[in-house]
Each structure stands twice: as structure tokens, then as C-alpha cells.
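Colleague: Got data_24.txt for you, compact mmCIF, C-alpha atoms:
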```txt
# COMPACT_ATOMS: atom_id res chain seq x y z
CA ILE N 1 -24.84 19.46 -14.72
CA THR N 2 -23.23 18.98 -11.29
CA GLY N 3 -24.42 18.52 -7.73
CA LEU N 4 -27.06 15.87 -8.49
CA ALA N 5 -27.89 13.23 -5.89
CA ALA N 6 -27.45 9.56 -6.75
CA ASN N 7 -30.50 7.35 -7.41
CA SER N 8 -32.82 10.37 -7.62
CA THR N 9 -35.46 11.50 -10.13
CA TYR N 10 -35.28 15.00 -11.61
CA HIS N 11 -37.79 16.94 -13.71
CA PHE N 12 -36.69 19.35 -16.42
CA ALA N 13 -38.02 21.39 -19.33
CA LEU N 14 -36.46 23.27 -22.24
CA GLN N 15 -37.33 26.82 -23.15
CA ALA N 16 -36.71 28.44 -26.55
CA ARG N 17 -37.05 32.16 -27.21
CA ASN N 18 -36.71 34.42 -30.23
CA ALA N 19 -38.24 37.63 -31.58
CA GLY N 20 -41.54 35.86 -32.13
CA GLY N 21 -41.90 34.82 -28.47
CA SER N 22 -40.96 31.86 -26.26
CA THR N 23 -42.03 28.25 -25.98
CA THR N 24 -41.53 25.75 -23.16
CA SER N 25 -41.34 22.02 -23.74
CA PRO N 26 -43.49 19.51 -21.84
CA ASP N 27 -42.12 18.25 -18.52
CA ALA N 28 -39.55 15.46 -18.81
CA VAL N 29 -37.74 13.34 -16.21
CA PHE N 30 -34.54 11.38 -15.74
CA THR N 31 -33.14 9.29 -12.88
CA THR N 32 -29.50 9.35 -11.83
CA THR N 33 -27.63 6.08 -11.29
CA ARG N 34 -26.95 4.55 -7.91
CA ALA N 35 -23.77 5.46 -6.10
CA VAL N 36 -20.97 2.95 -6.52
CA GLY N 37 -19.95 2.77 -2.85
CA VAL N 38 -21.91 1.67 0.20
CA VAL N 39 -20.99 3.06 3.61
CA THR N 40 -20.40 0.16 6.03
CA PRO N 41 -20.39 0.93 9.79
CA TYR N 42 -18.14 -0.89 12.27
CA PRO N 43 -19.56 0.27 15.63
CA SER N 44 -17.91 -0.05 19.03
CA ILE N 45 -18.98 0.80 22.59
CA SER N 46 -17.13 3.07 24.99
CA GLY N 47 -18.01 4.21 28.49
CA VAL N 48 -18.64 2.47 31.80
CA PRO N 49 -20.87 -0.65 31.84
CA GLY N 50 -22.43 -0.02 35.23
CA VAL N 51 -26.00 0.74 36.32
CA GLY N 52 -26.57 4.50 36.23
CA GLU N 53 -23.54 5.10 33.99
CA ARG N 54 -23.52 6.04 30.30
CA LEU N 55 -22.34 4.04 27.32
CA TYR N 56 -21.56 5.58 23.94
CA CYS N 57 -21.90 3.96 20.53
CA ASN N 58 -19.12 4.96 18.15
CA PRO N 59 -20.48 4.47 14.58
CA GLY N 60 -17.19 3.50 12.95
CA VAL N 61 -17.90 5.07 9.55
CA PRO N 62 -15.29 6.93 7.46
CA SER N 63 -15.05 10.64 8.23
CA GLY N 64 -16.87 12.74 5.67
CA ALA N 65 -19.09 9.86 4.54
CA ALA N 66 -22.35 11.12 3.05
CA ALA N 67 -24.64 8.81 4.98
CA THR N 68 -27.48 9.08 7.48
CA ILE N 69 -26.69 7.29 10.74
CA ALA N 70 -29.31 5.59 12.95
CA TYR N 71 -28.67 3.96 16.32
CA SER N 72 -30.37 1.26 18.36
CA TRP N 73 -29.47 -0.71 21.49
CA VAL N 74 -30.24 -4.32 22.39
CA ARG N 75 -30.19 -6.28 25.64
CA ASP N 76 -29.24 -9.93 25.13
CA SER N 77 -30.27 -9.59 21.46
CA THR N 78 -33.66 -8.00 22.34
CA PRO N 79 -34.19 -4.38 21.16
CA ILE N 80 -34.55 -1.84 23.98
CA ALA N 81 -37.58 0.42 23.52
CA LYS N 82 -36.81 4.09 22.75
CA ALA N 83 -33.03 3.51 22.92
CA THR N 84 -32.27 5.11 19.57
CA SER N 85 -29.47 7.60 20.25
CA SER N 86 -25.71 7.23 20.29
CA ALA N 87 -25.66 7.48 24.11
CA TYR N 88 -27.39 5.06 26.47
CA LYS N 89 -27.83 5.28 30.24
CA VAL N 90 -27.50 1.81 31.76
CA GLN N 91 -30.72 0.81 33.56
CA SER N 92 -31.22 -1.45 36.56
CA ALA N 93 -32.93 -3.90 34.18
CA ASP N 94 -29.58 -4.27 32.38
CA ALA N 95 -27.79 -5.74 35.43
CA LYS N 96 -26.52 -9.29 34.78
CA HIS N 97 -27.21 -8.84 31.06
CA HIS N 98 -25.25 -7.91 27.94
CA LEU N 99 -25.68 -4.76 25.87
CA GLN N 100 -24.90 -4.16 22.22
CA CYS N 101 -25.37 -1.19 19.89
CA LEU N 102 -26.42 -1.35 16.24
CA VAL N 103 -25.59 1.33 13.67
CA THR N 104 -27.38 1.61 10.34
CA ALA N 105 -25.75 3.77 7.65
CA THR N 106 -27.99 4.81 4.76
CA ASP N 107 -26.88 6.52 1.57
CA ALA N 108 -28.04 6.60 -2.02
CA ALA N 109 -26.68 3.08 -2.61
CA GLY N 110 -28.67 1.50 0.24
CA SER N 111 -28.46 0.67 3.94
CA VAL N 112 -25.98 -1.43 5.91
CA THR N 113 -26.25 -2.32 9.61
CA GLY N 114 -23.21 -3.03 11.78
CA HIS N 115 -23.18 -4.68 15.22
CA SER N 116 -20.79 -3.85 18.05
CA ALA N 117 -19.36 -6.40 20.44
CA PHE N 118 -21.36 -7.08 23.61
CA VAL N 119 -20.47 -5.54 26.97
CA ALA N 120 -21.48 -7.20 30.23
CA VAL N 121 -23.25 -5.28 32.99
CA PRO N 122 -22.45 -6.69 36.44
CA ALA N 123 -25.05 -7.11 39.17
CA THR N 124 -23.32 -4.54 41.38
CA GLY N 125 -20.42 -2.15 41.02
CA ILE N 126 -18.54 -1.43 37.82
CA VAL N 127 -16.58 -4.31 36.35
CA ALA N 128 -15.11 -4.60 32.85
CA ALA N 129 -16.77 -7.20 30.66
CA ALA N 130 -14.99 -10.53 31.06
CA GLY N 131 -15.46 -14.18 30.31
CA GLU N 132 -16.95 -13.76 26.84
CA THR N 133 -15.94 -15.67 23.73
CA ARG N 134 -13.20 -13.72 21.94
CA ILE N 135 -12.12 -13.49 18.33
CA ALA N 136 -8.48 -12.47 17.85
CA ARG N 137 -6.95 -10.89 14.75
CA LEU N 138 -7.91 -12.67 11.52
CA SER N 139 -5.35 -13.46 8.84
CA SER N 140 -5.07 -15.26 5.51
CA SER N 141 -2.53 -17.17 3.45
CA GLY N 142 -3.59 -17.63 -0.15
CA ALA N 143 -7.14 -18.99 -0.15
CA VAL N 144 -7.02 -20.11 3.51
CA LEU N 145 -8.44 -17.97 6.32
CA SER N 146 -7.30 -18.26 9.94
CA ILE N 147 -9.77 -17.26 12.68
CA PRO N 148 -8.39 -17.51 16.25
CA VAL N 149 -11.22 -18.20 18.71
CA THR N 150 -11.24 -18.51 22.49
CA CYS N 151 -14.45 -20.07 23.79
CA SER N 152 -15.91 -18.51 26.92
CA PRO N 153 -15.15 -20.48 30.09
CA GLN N 154 -18.71 -19.64 31.11
CA ALA N 155 -20.36 -21.13 28.00
CA ALA N 156 -22.99 -23.52 29.30
CA GLY N 157 -22.45 -26.32 26.78
CA GLY N 158 -19.37 -25.09 24.96
CA CYS N 159 -19.35 -22.74 21.98
CA ALA N 160 -21.15 -23.21 18.69
CA ILE N 161 -19.29 -21.21 16.04
CA ALA N 162 -20.54 -20.40 12.52
CA ILE N 163 -18.49 -18.50 9.92
CA ARG N 164 -19.61 -16.90 6.65
CA VAL N 165 -17.32 -15.30 4.06
CA THR N 166 -18.75 -13.05 1.35
CA VAL N 167 -17.65 -10.52 -1.25
CA THR N 168 -19.70 -7.65 -2.67
CA GLN N 169 -19.47 -6.89 -6.38
CA THR N 170 -20.90 -3.95 -8.28
CA VAL N 171 -22.64 -4.86 -11.53
CA ARG N 172 -24.27 -2.61 -14.09
CA VAL N 173 -27.78 -3.22 -15.33
CA GLY N 174 -28.39 -0.80 -18.16
CA ARG N 175 -27.45 2.61 -16.81
CA ALA N 176 -27.88 1.66 -13.19
CA SER N 177 -25.48 -0.08 -10.82
CA ARG N 178 -26.41 -2.57 -8.14
CA HIS N 179 -24.52 -4.56 -5.53
CA VAL N 180 -24.44 -8.36 -5.52
CA THR N 181 -23.21 -10.34 -2.50
CA LEU N 182 -21.50 -13.65 -3.26
CA ARG N 183 -20.87 -16.33 -0.64
CA LEU N 184 -17.31 -17.64 -0.95
CA ALA N 185 -16.98 -19.90 2.11
CA GLY N 186 -18.75 -20.97 5.26
CA GLY N 187 -18.69 -23.53 7.99
CA ALA N 188 -19.69 -24.43 11.52
CA THR N 189 -17.88 -26.08 14.42
CA HIS N 190 -18.20 -26.69 18.16
CA MET N 191 -15.61 -25.89 20.83
CA ALA N 192 -15.31 -26.93 24.44
CA ARG N 193 -15.49 -24.39 27.24
CA ALA N 194 -12.31 -22.28 27.56
CA GLN N 195 -10.84 -23.96 24.49
CA LYS N 196 -8.52 -21.97 22.22
CA ARG N 197 -8.39 -22.88 18.56
CA THR N 198 -7.45 -21.30 15.24
CA ILE N 199 -10.18 -22.27 12.79
CA LYS N 200 -8.95 -22.76 9.22
CA LEU N 201 -11.41 -22.05 6.42
CA THR N 202 -10.66 -22.44 2.69
CA LEU N 203 -12.50 -20.50 -0.02
CA ASP N 204 -14.76 -22.62 -2.18
CA THR N 205 -14.07 -23.24 -5.88
CA ALA N 206 -15.70 -19.98 -7.00
CA GLY N 207 -13.79 -18.05 -4.34
CA ARG N 208 -10.44 -19.56 -5.31
CA ARG N 209 -11.05 -18.76 -8.97
CA LEU N 210 -11.99 -15.17 -8.14
CA LEU N 211 -8.89 -14.75 -5.97
CA ALA N 212 -6.66 -16.21 -8.70
CA LYS N 213 -8.20 -13.86 -11.25
CA ARG N 214 -8.01 -10.67 -9.16
CA HIS N 215 -4.90 -11.54 -7.11
CA VAL N 216 -6.27 -9.28 -4.35
CA LEU N 217 -9.73 -9.83 -2.87
CA ARG N 218 -11.50 -7.81 -0.16
CA VAL N 219 -13.85 -10.16 1.69
CA LYS N 220 -16.27 -9.73 4.58
CA ILE N 221 -16.11 -12.26 7.41
CA GLU N 222 -18.97 -12.75 9.86
CA VAL N 223 -18.60 -14.99 12.91
CA ARG N 224 -21.62 -15.92 15.00
CA GLY N 225 -21.78 -18.14 18.03
CA THR N 226 -21.98 -18.46 21.79
CA VAL N 227 -21.05 -15.24 23.59
CA ILE N 228 -21.40 -16.40 27.19
CA GLY N 229 -23.72 -18.83 28.95
CA ALA N 230 -26.30 -19.73 26.30
CA LEU N 231 -26.35 -16.31 24.61
CA GLN N 232 -25.93 -16.55 20.82
CA ALA N 233 -25.01 -13.46 18.80
CA ARG N 234 -22.59 -12.01 16.27
CA LEU N 235 -19.03 -12.30 17.57
CA ALA N 236 -17.25 -10.48 14.75
CA SER N 237 -17.99 -8.68 11.52
CA THR N 238 -14.94 -7.41 9.69
CA SER N 239 -13.26 -7.07 6.31
CA LEU N 240 -9.98 -8.67 5.28
CA THR N 241 -7.81 -8.31 2.19
CA MET N 242 -6.79 -11.71 0.81
CA ARG N 243 -3.88 -12.10 -1.60
CA ALA N 244 -3.16 -14.92 -3.99
CA SER N 245 -0.19 -17.10 -3.06
CA ALA N 246 3.11 -16.40 -4.84
CA ALA N 247 4.01 -18.83 -7.61
CA ARG N 248 6.25 -21.73 -6.62
CA PRO N 249 9.73 -22.09 -8.17
CA ALA N 250 9.79 -24.14 -11.35
CA THR N 251 10.44 -27.84 -10.75
CA ARG N 252 12.65 -27.94 -13.83
CA SER N 253 15.29 -25.76 -12.20
CA SER N 254 15.24 -27.92 -9.06
CA GLY N 255 15.78 -31.01 -11.22
CA HIS N 256 18.85 -29.50 -12.91
CA ALA N 257 20.34 -28.61 -9.53
CA ALA N 258 19.80 -32.16 -8.30
CA ALA N 259 21.42 -33.60 -11.46
CA ARG N 260 24.50 -31.40 -11.07
CA THR N 261 24.87 -32.41 -7.42
CA SER N 262 24.54 -36.09 -8.32
CA GLY N 263 27.18 -35.75 -11.03
CA ARG N 264 29.68 -34.15 -8.68
CA ALA N 265 29.07 -36.86 -6.09
CA GLY N 266 29.69 -39.58 -8.75
CA ARG N 267 33.02 -38.08 -9.83
CA HIS N 268 34.14 -37.90 -6.22
CA ARG N 269 33.42 -41.61 -5.73
CA ARG N 270 35.53 -42.48 -8.76
```
Please express what this file holds, its structure, as C-alpha cells.

Modeller:
Amino acid sequence: ITGLAANSTYHFALQARNAGGSTTSPDAVFTTTRAVGVVTPYPSISGVPGVGERLYCNPGVPSGAAATIAYSWVRDSTPIAKATSSAYKVQSADAKHHLQCLVTATDAAGSVTGHSAFVAVPATGIVAAAGETRIARLSSSGAVLSIPVTCSPQAAGGCAIAIRVTVTQTVRVGRASRHVTLRLAGGATHMARAQKRTIKLTLDTAGRRLLAKRHVLRVKIEVRGTVIGALQARLASTSLTMRASAARPATRSSGHAAARTSGRAGRHRR
């Protein structure tokens, strides 16, 4: 049987027929297993952040993904009533505030919500968002993550930064599959206004063991903190592939090389 939806219940019956007539079995049911993958959105905003202009929320989901997409917009972390489409016309109430779009992707395996970066709406005119806390490109070396952060020069009391690193695993329970999220690292720090720093974060013991076992580990990194002024929100939500460090050269070989060098030096002295 093909074309069945994941995590769905189906009814069926069997029918037998011969020269003496036909008989149909009682109704029976079965439920298909959950889909293995979950569609994760990575939304972004395009358009002009000015009063009377339009902004567009790009969902950031893989093309061809079998998922239902829902949109919502927030002003300084407060949901905007009836703003539930991919396009949003900037209102006068948005002036001097920050806007963000949320995208929720739902498929047979569940729902995941992604948050875009904030855009600032100036009091007058059309000005690109500026002065917000920025997260540059993340990287890793072995079990150590590097998160470059630039604190907003307009942060009232500096920037509070919190980081959470997780990995999602698929486990089977009977015939069904479910997703389990494991926390591998986390931490919090405070930065002065306009300060630039690369925050180093090491996976915990469980994370290091998992990385050593798999050699390659796809983790999700969420960074929350001060956006601008006293506004607190999600600064980044992204995935990163971590790779186990290459093995170091054997110390035995280094010792032999040192011994040979020492021997040559001794003969020269004689």
C-alpha cells in the first residue's frame, strides 16, 4: 500500500467471494508511524521598514517540504492582532519599535516555530535597522563552539547573553518514532555596551561523548539576549555541524625523533 500519510489512522475491511456468495470482515484499523523528519523554518524579513511600507516574511523552509506554514508578527515581543500573513504593512504604531516575524511549520512529525531577526522602524523616514546586538558567523573546533557577539551601543545596561545548545534524536517506541531533544551545553554572560567578544562554549560531558561516538554532530544553537535598549529577545537560532578533533600524533614517534637528534648532537661534541 502506498500514498499513506504519516501518523494517521486508517480503517479497512477484507472481502471474500466465491460461488456461494461474499462476506465482509468487521471494520479494523491501523495507525501509520510518525515521519522521521521535522521541517524547521529559518525565517527572515525583507522589504522596507518604514511606516506605510510593506515587509515580507520569508519562511526559510526547504523547497518541496510537505508542511503547513503559519505566520505571525510581533512588535517588541508582543503579538500584533490579526497580523497572520506573510506580508505586513507597517503601521504608525510601529514607529520607534522593532518588528519580528514568526513562522510555524507543521507536518506529520509535529510543529516547529522559527523566529526572524528584529528590524527597527524609525520615527520618520525610512532608515535601515542599525545599532542592534549582532551575532556573526558561528564556528566550532572539536567540542568548542565560538559565538562572535557585538553588543549594541544603545543597550541601556549592557547586553545579557544566554546560549543553549541542543541536539534532536529520533528514537523508536514500539512501531512509532518520536523526537527527543537533548541539552548539550549552555551558559550566560554579560557584555558592556558596544563590546565585541567571541564567546567560547564547550559541550558538556554527554555532548563530548556523543561527538566522539558519532564524529559528526548536527547541533542547534539558540542565543537570547539584549537586542537594543532594554529589549530582550532571540538573537539567533541556527544549526551547526560539529566535527570531532583529529587524533594527535603518537608521542612515541616524537620521543624517537628527539632521541635520534640527541644522539647526533652527542657525537658532534665528541

Colleague: Which of these residues is nearest to N:Ile228, using only C-alpha atoms: N:Lys89, N:Arg54, N:Lys96, N:His215?

Modeller: N:Lys96

Colleague: Smallest atom-to-atom distance to N:Ser8: which of N:Ala81, N:Val173, N:Ala108, N:Ala28, using all atoms listed in the file?

Modeller: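 Selected residue with least distance to N:Ser8: N:Ala108.
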
Colleague: Within 12 Å of N:Val112, counting all atoms listed in the file, which residues show up once you throw out same-chain ones fewer than 5 positions away? Write them as a ChimeraX atom specification, please.

Modeller: /N:37-43,59,61,67-70,102-107,179

Colleague: Mind giving me the straight-line distance from atom CA of N:Arg234 to atom CA of N:Ser116 in Å, one decimal?

Modeller: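 Rounded to one decimal, the two atoms are 8.5 Å apart.
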
Colleague: Between atom CA of N:Val51 and atom CA of N:Phe118, what distance in Å does the model show, to one decimal?

Modeller: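 For atom CA of N:Val51 relative to atom CA of N:Phe118, the distance reads 15.6 Å.
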
Colleague: Which of these, N:Val90, N:Ala13, N:Leu99, N:Ala188, has the shortest distance to N:Ala120 once you count all atoms listed in the file?

Modeller: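 Closest to N:Ala120 of all the choices is N:Leu99.
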